[in-house]
Structure formats: structure tokens, C-alpha cells
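Report on one structure; see the data block that follows.
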Number of protein chains: 2
Amino acid sequence: MSNYNAPIRDMQFVMRELAGLDEVAQLPGNEEVSADLVDAILEEADKFASGVLAPLNRIGDQEGAKWKDGEVATAPGWKDAYTQFRESGWTAVAGDPNYGGQGLPKLLSTAVMEMWKSANMAFSLCPMLTTGAIEALMLRGTDEQKDMYLPKMVSGEWTGTMNLTEPQAGSDLAAVRTKAEPQGDGTYKIFGQKIFITYGEHDMTDNIIHLVLARLPDAPEGVKGISLFVVPKFLVNADGSLGARNDVHCVSIEHKLGIHASPTAVLAFGDNGGAIGTLVGEPNRGLEYMFIMMNEARFAVGMEGLALSERAYQHALQYAKDRIQGTEAGVRGGPKVSIIHHADVRRLLMNMKSKTEAMRALAYVVGAASDKAHNHPDEAVRAQNQAFVDLMIPVVKGWCTENSIDVASDGVQVHGGMGFIEETGAAQHLRDARITTIYEGTTAIQANDLIGRKIARENGVTIAGVAQAMRSVEAELAAVGGEAFTAIARPLGAGIAAVEEAVAYILATYGKDVKAASVGSVPFLKLLGIVAGGWQMGRAALIAKHKLDAGEGEASFYQSKIVTARYYADHVLAQAPGLAYTVVNGAAGALELAEEQF
Amino acid sequence: MSNYNAPIRDMQFVMRELAGLDEVAQLPGNEEVSADLVDAILEEADKFASGVLAPLNRIGDQEGAKWKDGEVATAPGWKDAYTQFRESGWTAVAGDPNYGGQGLPKLLSTAVMEMWKSANMAFSLCPMLTTGAIEALMLRGTDEQKDMYLPKMVSGEWTGTMNLTEPQAGSDLAAVRTKAEPQGDGTYKIFGQKIFITYGEHDMTDNIIHLVLARLPDAPEGVKGISLFVVPKFLVNADGSLGARNDVHCVSIEHKLGIHASPTAVLAFGDNGGAIGTLVGEPNRGLEYMFIMMNEARFAVGMEGLALSERAYQHALQYAKDRIQGTEAGVRGGPKVSIIHHADVRRLLMNMKSKTEAMRALAYVVGAASDKAHNHPDEAVRAQNQAFVDLMIPVVKGWCTENSIDVASDGVQVHGGMGFIEETGAAQHLRDARITTIYEGTTAIQANDLIGRKIARENGVTIAGVAQAMRSVEAELAAVGGEAFTAIARPLGAGIAAVEEAVAYILATYGKDVKAASVGSVPFLKLLGIVAGGWQMGRAALIAKHKLDAGEGEASFYQSKIVTARYYADHVLAQAPGLAYTVVNGAAGALELAEEQF
């Protein structure tokens, strides 16, 4: 069993000094946001995360959710925790004040979300999916739908789900076959089967609101014939009370590698005459709505990568400080030491720490940009921030989640043989992390979005601006000089050059040979993540230097920022040129074999 | 459920054309080894692996081994399979003919071992540990011990175990506390607890022979006070029949992330008066004996990395050919295609394929060198081969096992959402692979052995010779010219330079700052593995070119060798310079933080 304590000091640093909390607090709508309020919320969230959610993480893994006769029982303690969670107002943090939400900035809700996901990722999926369903309704729901569902979803009394996947329609949603038949009274009967529905059935609330992709009878083939419907588990009467049980049933739940406590449901719609639903927005535009919402969901899954890395790091660090084994290197017969004294354990811990801090820095900066994209008074600033957010969402999603597998695996390694024993808990983080590169679009899907819609389509304008911003950080680092800052500046410079080289290749190739460009898409995504993370680590080191020079703040914390940035440069940024080489040269070898030669 | 079929074509290629089977067959003692015999053995082994062992892999994972009242029941079908295995003579393949073994060359037994480990890694651990115990007895056992135990161990009637680890003594065997009290009659009473004992208790044979590290009463502290004992589960009478039950009992077995079917026992020695054992070799030299044997065991675990990668690859490949999803890139509305048509799925498959082939090539070449080191008539050739084997064992162990985690994870990714569902079986390979970088010495222990005993201690003589051999392959590749061969030669050349740069740093640093050198040890091990794999892939491409030019052999196979080598160069070898950068520059950032700054 591992404890979890929110890394509040680093969160505060990133929010205030890297992501510009002050600026976010000055945006219209954030008038009540103050440093004190932010600190109070972080502290309360930490209490809940560490006190209530974290202790349930292991139980959830061991017991899992259990299906019986169409009902799903969550793990022991789960329902109580959820009730406490919503009664404490945590479901409403980011919600629209018109429907009972607190409307806090994304930058703050991001930090809070990190805590839920670190403490108990399987639990966090329930409010995360509910948020997705809320957004769909906010975006295109009728006033009637909004009034009927949103207050109880924002308050957490009801949860929400997203029903996209079918057995033949995973990454390829064009293949969705679920049907929606209009009943002539404004309602539709839904028939079909959906799989991989997170919290598609559970016992924590008395209603579940399903958002469902389905086809109308006259819909065109493919992606342009898919509509979005809202289908509650229990129909809702005009007075808001629960009506009849709807014809949507949980047929089974999956036996998964990880997130055992999060029920992954197979849902059958319409086996007994049709599940009643209503249309959200216009017919045949369901997939388009999904894409608009997808930024949020993908960002949230990227946060899972960060959050699991933080949890795995804390877990491994505690073990490394406690476990006595061997003597200092070269000191045979000397006193036994804790394993954090051993060079490779330190390397593993620094890997985990530096990547986690880089991910947090990048994710929160993107969160703050999202606030500015939504609420900044200047339209040009909004547009610029939105372009940055759009570029970085697939990076946050893809890079943070790919990282989390490596970081959690490093955490297992720190534990040695104990890491392989399930009771230790280190292996759970690895098992949980393994889904994050798959759901809400695999890393390949993120990477194709990145090189296609986010770079090639706009001829690399936004990425060029980002590279320029990175270059000025590199120049500042080089100007500081000295061993440590030179050690940071040099690999950052090489990393930026690697990004530029790879972008040039993508721009030259995408239009004429999309497959060749695609071979390099995931390596490019990792490259951009590594360098963007290094950019933020470089910024952090510069800020730390200024604080140390000014004699302000906690010296030990700021010194560690410089050391960690240096480690990241030498061990992580160092990989950037090799990735660019692969992007630029790697297509021919990947595509040449005939299928039968495999 | 996945099928397994041994990759016999590639095994034959590597054995014959890369590792020099003919030369091995001409060594003294191998007079009966012919190409036909080798093919027949591979074919029979494949039948057993694919027909008997592979189908039990999933059942073993699901059911696991079960402990009850000190007894351990293996999974359904396990005992029958083991009986068939030994009755077919598979336990005796590499054994000494004086004790009923077939004495076949290491190169051949390596290929056969790969099959067992691909088909069913949890099963393969039982004969693997028995082989370790056999070697200990062969090496230092008395004639009486050898006659009593070896025939039945070689035949597989009894199995063997290695009892090293104790709760406080994992990587640090100096901390072993188990005691051995001489009884004055040539026997000893053993008292203590051992953990992580693979197949420490099971129901597949009627006796188990434990090799146990323990301390004599007058033993010095630390590593020089540890002796080796043989402690059978049932004492053996003079006529070879089973005698009294010995005082060694299985207290529990571990609940692990993977290899569920391999019982990992906690063994209590002497709770009821003392477990009777006899000394192996001389007092206080137990650890030294272990080190001599360790090469074999580490090589075998390295083979697990290769074998699991092969299994994961076959599994993912089948899925990629079967699963229909989406259309060809850029062809919206076109016909749906199997996912092997998608660029990133190909990239993942080529990652898996090229790394697996590189690992096989390197491991078999090391296996053949081991044959020459043992049996070549020329002492200088023996010594040269032994030095190469000693250098490469930690690489085969560390690099292949680290690879297997990535390869198995890539295999999960190819499966998309289905990869996360346990029924699919892809996740099992990842769970099973996760132990391989830990047991028989973690990757860090391999890496420290590599830079210390294998490089610094001999001032880099052997590695310099290897680099020279690599350089001549690079020159041959460059001489062929043309796009593909240039594409292979260039990153290989950069990789060799990276190895040379890193070796120079290690030689300069190890003696004066062992901790700084150690920070780079795992990155260096990976670097050397990548480049050594690339060296063998380059050799394979050259051989393929000669065959194609001569119009000999199957063109499709040889063409794929060139393409795969090129892929490996662009996507894997490309990482080498970055790793060298980390080796040379990475110490300061890793070591600077104080413990409280973590």
C-alpha cells in the first residue's frame, strides 16, 4: 500500500511561476479567484485525495467492480466515497455556474484533477466521463435537455457516459451501426450494442445519463451520418423525478489489465423494444460534436499520464528511502545504506521526477492557455492561445501517457523483486497506466491529428511560433552560462533544431505521401513532447535562478529545479536528435515489406 | 488466446548463417551434430512447444499455482505436460552424457530453450532452475552428490531450485543469514527463511533438490562467509529410493504481476529441528560458485526477453492481419482494411520484429561463442570466445529483457482497446516480461558488471576488439552502397562511434568516480545492446545481399532481412548517439540532489 500526498509545492510553483495564475485570475469571470482561494482549494482537495480516495485505490484494484444480473456493484467503500465527493462539491469545480457549477479556471481544476487521478485513477474516471457528457449537453443540448439533466449532473447526483465504441467501430467511428428510429414525438428509439463504456453501469448514483452515437434511418454512410443522442438509464419525469427504467442494460463488464474498479460495460440498447432517447443538436453532426469535446477528454487523459507518474514516483521514492540494501558503491564492508544511495536507483528516481515535473509544467501551461483561449478579452490573444492549445492537446495526451508507462515501469524497477509482487502496489500503477495510451484515441491517433490537422493543415504556423518561444528560452539559458545552465541550454538547442528538422520533413511530405509522414508521427509526437517539456524545464530553471539570485523563496526547492532541469536535459532531451532522425529517415524501412513477409 | 509457432526459418538462418553452426558442429564432442539432426530437433521441439506448452500458457496465467497447507498445486494440465516433457527427453538436451544428458551444443539448446520460453515462460522456469542446480552440482559436487542427484535431475524426474534471496538479502547477498550447523557426520542442519524461490514447491515431481546459500557458524561476515548446500525435499536413501521428508516447507507463495503459473515460494528451513543438507564444494565459497554459474542463468533470462518478444510479436501480427478497421490513409470512404495497412501499426510491428531478430542474432552468436569457449581445441580461441561471452552476457540479459517490456507493450498497443482486456492475452506477455529485468540480477546489476568487471577491469580490451569487428561490418555495408545499405551503414557507424565515446568515458571515470560511471551504466548497456544488435543485423543484410546476388535461397526471406535491418537502423540504432550523450554527461544531474530534495 502506498500513500499519496499532493505535490502542492510543485503545483503552486507551476501554477504561479510557470503558467501565470495571476494573469488567469484577471480574466473576465475569474474575479473571485485569488491566491488564497487557490491555496485553500488545493489543500482541501489534497485532504480528500489523500484521505478518502488514495486508501481506496488498492481495494478497488483487488476487488474490482462486479457484475451480476445486469447490475454492477462497485468496490467496497466506493459508493460512500462518491457520495462524499459530490457532497463536498468536487464534481462542480469546473461546472457552469448557471447549472450549479463553481466555474473555476481550467488551470485550477487541472491541478485538482491531477490529485483525483493520482489518488485513485479508477475512481476519477466517473466524474471525468460525467464532465464529457455535461459538455456535450452544454454545447448542443436543447434548453429542455439542459434543464432536465445538467443540474443533477453538475452536482454529481447523476453521472454521465460516452457511448462511442462498437465491436467493429473502435478507432474508426465511421463504422458505427447503432440505429435511432424517430418516434414522431421528438423522441427516438435506440437499438444497438456499445462496448468499452466506462462507468456504463454502477451503483453509486440512482441515474446514469448516456450520450450515444447512432445513425438515423436516412443517414448517409460513414462519418457524416452519425448523430448524438441522450439516453438516460431511468427516464426523467417533467418534475425531475425518476420515471420508467429505460431499455439500456449492462450485458457484462470487462476483465481488464488495470483500472479494475472502473466498470467497463457492454451496453445493450433496445433489446426490449427500444431505448428512449432525444437528439442532441442537429442530425448527422454527432461526430463533429464529439471532436469539439475531444480536446477536453484528451487533455484529461493526458493528465492521467502525469498523475500516475506522480503516484508511481512517490511510491518508489518512499521505498528507495526505506529499503536498506548493500553499501555505498566501492565501499565493501561499509555500513548498509538505503537504496536511494545507489547510482542507478537515483537515475530511475530522477527519470521519474524530471519527467513528471516536465509533464506537469507543460500540462498546466496548456491549461492556462485554455483559460485565456476562452476568456481573454482580446480576440487575437484568444485565437493565439486556442491555436497553442490545439497543437499541444495531442502532445499532452500522447506524450504524458506514453511517459506514464515508462515511469510506472521504472517505479516497479526501483522496488526490485518486491515490485513484481502485487501486494506492494507498484505494479498496479503500471497496469493502470497501460490503458492511457489507448483510450480517447491511441497515441497514433493523437500523432496523426498532430501532424495533419495541427501542423500540415496550417503549414506549421503555430509550431513555428512555439519553436521561436523555445529559442528565446534557450538563448536566456545560454546567457546565464556556467556549467549547469550550459548543460541545459545545449540539449535544448539540439532538441529545438530536431523539432524544426522534423517539422520541415512533415510539411514537405504530408501532402504528397501521407503514409510516409505517418510513420514518423508517433516518434514526432514524442520528440515534440520531450522538447516542449524541456522548454518548460528550462523556464523553470531560469525562474529558479532569478529567485536564488534575489534571495527569495526556499533555496532548496529552487536549487532542485535547476538540478532536475539539468538531469532532464542530459537524460531525456538527449533523445531528441535520434527521434528526428527516425522521423526524417524512417518511412522506407517501415513500409517496404509485403504483408506476407511479416 | 494466441497460437505460437517457432520461427524456425529465422532460427535456421541465425544458427547457420550468422552464428556458424557448421563450425560449432566441428568442435570436439559435437561429432554427431549434423544439419539434419538440428532440423529434426527444432521440428520436434516446435511440435512440443506449439502443441503442448503454448495452449497451457493462458490457463496457467488464469489459474496460477495454488498453495494449500504447505503443498502447491500447479495449474490444470501442468503436471501431465511436465511428465511428457521429461519423457520426451527435453530436460536432458544440454545435459552431461555421463549423467544421461544428450550433450548437444549450446547453440542448439539455445534455440530449443527459446521455444519453451516463447510457448510458456512460466513452465520453462522449472527446467531452467533445474539446469542451474545441476550445474552447481556438476561444478563442485562430490561424486556421491553427483551420483545421488544428477541422473534423476538430468532426466527431469526431480527438479532443482536455487535458494539465494532472503527478505533482507536481495541484490545484496552479503546479507544472507540462513545458518548451517555441522552435525559431525558430514551433514549440516539448515535453519532460515528463503524467499522468491522459483518452483520451490510443486506437484510435478516426487522430489525437489534445493541448492541453498547459508552461513557456517564460524563464517566471516559478508560475501566471503557464505557456503552452498544441497538440501533435498525428501532425503535420498543409499539405493536411490526416497527417504524421510526433510525439514524444508513452503510457507506461502507470492501473488505476482505475471508468471502466475510459476510458484514463487517462501521456504522455511529447519522449523522442526533442522533441514538436513550436505556441503557443495568448500566452505565459504558459495557465492563464488554462484558467480561462475550465473553466466548461464543470466543468459537464460536474456533468452526470456527474446522469447517473450517473439511471442508478443506473433500475437500482435495475427491480430493486425485479422482486425479490420478504417480505410487506407487518405482514402476516406474506400474499402475497410486490416490494420496492418496503417502506418503506425506497421511501425509497431516492425519495432517488434526488428528488435526480436536483432536479439535472436546476438543471443545465438553468443551461444555459439560459448560452445567455442568450452570446446575449441585452440586455447587462444577458447579464451577469446570466453572474453566475448563474458562481455556480452550482461548485454544479452539486460538489453533483451528491457526490450521485451517495450516489445510486449507495443504488442498491447497494436491490439488497441482489446489489448487491455485480459482474455485477449496480449497483456499477459507484458506482465510476464516485467520480471525479467529484475530477477537473476536487475538491469543495474548487469550494467555494473558490464562496465566494471567486463570493461574497466581489463581496460576495455575485449570491447575494443568487438568495436573493430563492428567497424569492418560497417565498411562492408558502406562498400555495397545504394540507398538501403547506406541507410544501414550510417547509423551503425554513428552507433559504433557512440559506443567508443561511452567506453572512453567509462575507462576514464570508473577508477576515480565509480558512482558517476554507474549513473551511465544502464544507458551504456542499452547502447551496447542496440549497437551489437545492429552489428548482427548488418551482418544479416550482407549475407542476404550475397544470397540474392547469387540467386540462392528464398528471395522474399532475404529481401526482408535487408528491409528489417534498415528499419532497425533508422528507428533503433538512431537512438545510440543520444544514449552516449547521457553516459558521458548524465552523472552530475543525477547525483546532485540531497535526499531531502527528492
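So you can find residues: chains in the C-alpha cells are A, B, ... in the order shown, residues in each start at 1, and ligands are numbered from 1 in order.
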Which residues of chain A come within 6 Å of chain B, and for each one, what is the closest pair of atoms and their distance in Å to one decimal, counting only C-alpha atoms, sorted by chain and residue number, as CSV?
residue,atom,partner,partner_atom,distance
A:Asp172,CA,B:Gly326,CA,5.2
A:His255,CA,B:Ile421,CA,5.9
A:Lys256,CA,B:Ile421,CA,4.5
A:Leu257,CA,B:Phe420,CA,5.5
A:Gln325,CA,B:Asp172,CA,6.0
A:Gly326,CA,B:Asp172,CA,5.2
A:Ala343,CA,B:Val519,CA,5.2
A:Asp344,CA,B:Val519,CA,5.6
A:Arg347,CA,B:Ala590,CA,5.7
A:Gly416,CA,B:Ile438,CA,5.8
A:Phe420,CA,B:Leu257,CA,5.5
A:Ile421,CA,B:Lys256,CA,4.5
A:Glu422,CA,B:Lys256,CA,5.2
A:Ile438,CA,B:Gly416,CA,5.8
A:Lys515,CA,B:Ala343,CA,5.9
A:Ser518,CA,B:Ala343,CA,5.9
A:Val519,CA,B:Ala343,CA,5.2
A:Val563,CA,B:Gly589,CA,5.5
A:Arg566,CA,B:Gly589,CA,5.6
A:Tyr567,CA,B:Gly589,CA,4.3
A:Asp570,CA,B:Gly586,CA,5.2
A:His571,CA,B:Thr582,CA,5.3
A:Ala574,CA,B:Gly578,CA,5.0
A:Gln575,CA,B:Gly578,CA,5.0
A:Gly578,CA,B:Gln575,CA,5.0
A:Thr582,CA,B:His571,CA,5.3
A:Gly586,CA,B:Asp570,CA,5.2
A:Gly589,CA,B:Tyr567,CA,4.3
A:Ala590,CA,B:Arg347,CA,5.7
Mind dumping the selected residues with N, CA and C atoms as a tab-separated table (two decimals), in the first residue's frame?
chain	number	residue	atom	x	y	z
A	172	ASP	N	-12.19	3.61	-35.69
A	172	ASP	CA	-12.92	4.00	-36.90
A	172	ASP	C	-14.40	4.18	-36.58
A	255	HIS	N	-12.93	-7.87	-18.04
A	255	HIS	CA	-11.86	-8.25	-17.13
A	255	HIS	C	-10.58	-7.66	-17.69
A	256	LYS	N	-10.09	-6.61	-17.03
A	256	LYS	CA	-9.03	-5.82	-17.65
A	256	LYS	C	-7.68	-5.94	-16.93
A	257	LEU	N	-6.65	-5.48	-17.62
A	257	LEU	CA	-5.30	-5.44	-17.06
A	257	LEU	C	-5.23	-4.51	-15.85
A	325	GLN	N	19.82	-1.85	1.57
A	325	GLN	CA	20.39	-2.94	0.77
A	325	GLN	C	21.76	-2.50	0.25
A	326	GLY	N	22.77	-3.30	0.58
A	326	GLY	CA	24.12	-3.02	0.07
A	326	GLY	C	24.79	-1.84	0.77
A	343	ALA	N	23.56	4.53	-7.42
A	343	ALA	CA	23.51	5.42	-8.59
A	343	ALA	C	22.33	5.12	-9.51
A	344	ASP	N	22.06	3.84	-9.77
A	344	ASP	CA	21.00	3.57	-10.73
A	344	ASP	C	19.61	3.79	-10.15
A	347	ARG	N	19.14	7.34	-10.64
A	347	ARG	CA	18.84	7.60	-12.05
A	347	ARG	C	17.36	7.32	-12.32
A	416	GLY	N	12.66	-3.52	-7.16
A	416	GLY	CA	13.28	-4.83	-7.32
A	416	GLY	C	12.22	-5.93	-7.29
A	420	PHE	N	7.37	-6.78	-8.29
A	420	PHE	CA	6.60	-7.76	-9.06
A	420	PHE	C	5.50	-8.41	-8.22
A	421	ILE	N	5.54	-8.16	-6.91
A	421	ILE	CA	4.54	-8.72	-6.00
A	421	ILE	C	3.37	-7.75	-5.93
A	422	GLU	N	2.16	-8.25	-6.18
A	422	GLU	CA	1.02	-7.34	-6.29
A	422	GLU	C	0.73	-6.57	-5.00
A	438	ILE	N	-4.24	4.23	-25.04
A	438	ILE	CA	-5.18	3.58	-25.95
A	438	ILE	C	-6.51	4.34	-26.01
A	515	LYS	N	1.35	8.51	-45.91
A	515	LYS	CA	1.76	7.31	-45.18
A	515	LYS	C	3.20	7.44	-44.67
A	518	SER	N	3.16	9.63	-41.81
A	518	SER	CA	2.53	8.98	-40.65
A	518	SER	C	3.48	8.03	-39.92
A	519	VAL	N	4.39	7.40	-40.64
A	519	VAL	CA	5.35	6.51	-39.96
A	519	VAL	C	6.11	7.28	-38.89
A	563	VAL	N	18.73	21.55	-10.85
A	563	VAL	CA	19.32	20.22	-10.99
A	563	VAL	C	18.41	19.30	-11.81
A	566	ARG	N	18.52	20.09	-15.39
A	566	ARG	CA	19.77	19.60	-15.98
A	566	ARG	C	19.70	18.10	-16.22
A	567	TYR	N	19.20	17.38	-15.23
A	567	TYR	CA	19.05	15.93	-15.42
A	567	TYR	C	18.20	15.66	-16.67
A	570	ASP	N	20.12	16.16	-19.89
A	570	ASP	CA	21.13	15.15	-20.18
A	570	ASP	C	20.54	13.77	-20.48
A	571	HIS	N	19.43	13.47	-19.86
A	571	HIS	CA	18.89	12.11	-19.98
A	571	HIS	C	17.66	12.01	-20.87
A	574	ALA	N	18.27	14.57	-24.52
A	574	ALA	CA	19.33	13.95	-25.33
A	574	ALA	C	18.76	13.01	-26.40
A	575	GLN	N	17.54	12.53	-26.19
A	575	GLN	CA	16.95	11.60	-27.16
A	575	GLN	C	16.39	12.30	-28.39
A	578	GLY	N	17.89	11.83	-32.13
A	578	GLY	CA	17.64	10.48	-32.65
A	578	GLY	C	16.21	10.32	-33.15
A	582	THR	N	14.75	9.50	-36.98
A	582	THR	CA	13.74	8.48	-37.31
A	582	THR	C	12.59	9.09	-38.11
A	586	GLY	N	12.77	7.33	-41.45
A	586	GLY	CA	12.24	6.02	-41.05
A	586	GLY	C	11.13	5.43	-41.89
A	589	GLY	N	11.92	1.89	-44.57
A	589	GLY	CA	12.06	0.58	-43.93
A	589	GLY	C	10.77	0.10	-43.31
A	590	ALA	N	9.95	1.03	-42.86
A	590	ALA	CA	8.71	0.63	-42.19
A	590	ALA	C	7.64	0.16	-43.18
Need to verify the contact set: range 33-46 of chain B, 12 Å, only C-alpha atoms, exclusion of same-chain residues closer than 2 positions in sequence. Can you return it as a PyMOL selection string? chain B and resi 3-13+15-16+20-31+48-54+85+88-91+93+102-119
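Atom pair CA of Gly270 in chain B / CA of Leu129 in chain B: separated by 22.6 Å.
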Which of these, B:Val337, B:Leu139, B:Ala307, B:Val473, has the shortest distance to Phe291 in chain B once you count only C-alpha atoms? B:Leu139
Skipping near chain neighbours, those fewer than 2 positions away, what residues fall within 7 Å of Leu306 in chain B using only C-alpha atoms, listed as number ranges by chain? B: 302-304, 308-310, 356, 359-360, 400, 404
What lies within 10 Å of Gly243 in chain A using only C-alpha atoms, ignoring chain neighbours under 6 positions off, as a list of chain:residue names?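 Counting only C-alpha atoms, the residues come to A:Lys233, A:Phe234, A:Leu235, A:Val236, A:Asn237.
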Would you save the residues of that selection, restricted to N, CA and C atoms, as a CSV table (one decimal), in the first residue's frame?
chain,number,residue,atom,x,y,z
A,233,LYS,N,-30.6,6.2,-18.1
A,233,LYS,CA,-30.9,4.9,-17.6
A,233,LYS,C,-32.3,4.8,-17.1
A,234,PHE,N,-32.7,5.8,-16.4
A,234,PHE,CA,-34.1,6.0,-16.0
A,234,PHE,C,-34.7,7.2,-16.7
A,235,LEU,N,-35.8,7.1,-17.3
A,235,LEU,CA,-36.4,8.3,-17.9
A,235,LEU,C,-36.7,9.3,-16.8
A,236,VAL,N,-36.8,10.6,-17.1
A,236,VAL,CA,-36.9,11.6,-16.2
A,236,VAL,C,-38.3,12.3,-16.4
A,237,ASN,N,-39.1,12.3,-15.3
A,237,ASN,CA,-40.4,13.0,-15.4
A,237,ASN,C,-40.2,14.5,-15.5
Got a sec: who's within 6 Å of range 209-213 of chain B, counting only C-alpha atoms, leaving out chain neighbours fewer than 4 positions off, as a PyMOL selection string? chain B and resi 160-164+227-232
Okay, now the selection with N, CA and C atoms, as a PDB file, in the first residue's frame?
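Output (again-v7.pdb):
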ATOM      1  N   GLY B 160      15.130 -28.975  -9.613  1.00  0.00           N
ATOM      2  CA  GLY B 160      16.051 -28.282  -8.720  1.00  0.00           C
ATOM      3  C   GLY B 160      15.669 -26.828  -8.529  1.00  0.00           C
ATOM      4  N   THR B 161      16.170 -26.243  -7.446  1.00  0.00           N
ATOM      5  CA  THR B 161      15.909 -24.822  -7.172  1.00  0.00           C
ATOM      6  C   THR B 161      17.184 -24.132  -6.719  1.00  0.00           C
ATOM      7  N   MET B 162      17.160 -22.819  -6.779  1.00  0.00           N
ATOM      8  CA  MET B 162      18.276 -22.001  -6.294  1.00  0.00           C
ATOM      9  C   MET B 162      17.738 -21.128  -5.169  1.00  0.00           C
ATOM     10  N   ASN B 163      18.283 -21.319  -3.966  1.00  0.00           N
ATOM     11  CA  ASN B 163      17.812 -20.574  -2.791  1.00  0.00           C
ATOM     12  C   ASN B 163      18.836 -19.539  -2.378  1.00  0.00           C
ATOM     13  N   LEU B 164      18.679 -18.322  -2.900  1.00  0.00           N
ATOM     14  CA  LEU B 164      19.620 -17.257  -2.599  1.00  0.00           C
ATOM     15  C   LEU B 164      18.976 -16.199  -1.710  1.00  0.00           C
ATOM     16  N   SER B 227      28.284 -20.270   2.236  1.00  0.00           N
ATOM     17  CA  SER B 227      28.554 -21.592   1.682  1.00  0.00           C
ATOM     18  C   SER B 227      27.325 -22.110   0.951  1.00  0.00           C
ATOM     19  N   LEU B 228      27.564 -23.120   0.126  1.00  0.00           N
ATOM     20  CA  LEU B 228      26.472 -23.667  -0.680  1.00  0.00           C
ATOM     21  C   LEU B 228      26.151 -25.083  -0.209  1.00  0.00           C
ATOM     22  N   PHE B 229      24.872 -25.363  -0.061  1.00  0.00           N
ATOM     23  CA  PHE B 229      24.423 -26.671   0.417  1.00  0.00           C
ATOM     24  C   PHE B 229      23.375 -27.243  -0.525  1.00  0.00           C
ATOM     25  N   VAL B 230      23.341 -28.573  -0.533  1.00  0.00           N
ATOM     26  CA  VAL B 230      22.250 -29.222  -1.259  1.00  0.00           C
ATOM     27  C   VAL B 230      21.309 -29.830  -0.226  1.00  0.00           C
ATOM     28  N   VAL B 231      20.037 -29.493  -0.364  1.00  0.00           N
ATOM     29  CA  VAL B 231      19.023 -29.866   0.632  1.00  0.00           C
ATOM     30  C   VAL B 231      17.811 -30.435  -0.106  1.00  0.00           C
ATOM     31  N   PRO B 232      17.669 -31.743  -0.148  1.00  0.00           N
ATOM     32  CA  PRO B 232      16.531 -32.302  -0.885  1.00  0.00           C
ATOM     33  C   PRO B 232      15.230 -32.203  -0.086  1.00  0.00           C
TER      34      PRO B 232
END
May I have all residues of range 260-310 of chain B that DSSP, computed from the backbone, assigns to helix (DSSP H, G or I), given as a PyMOL selection string? chain B and resi 286-310
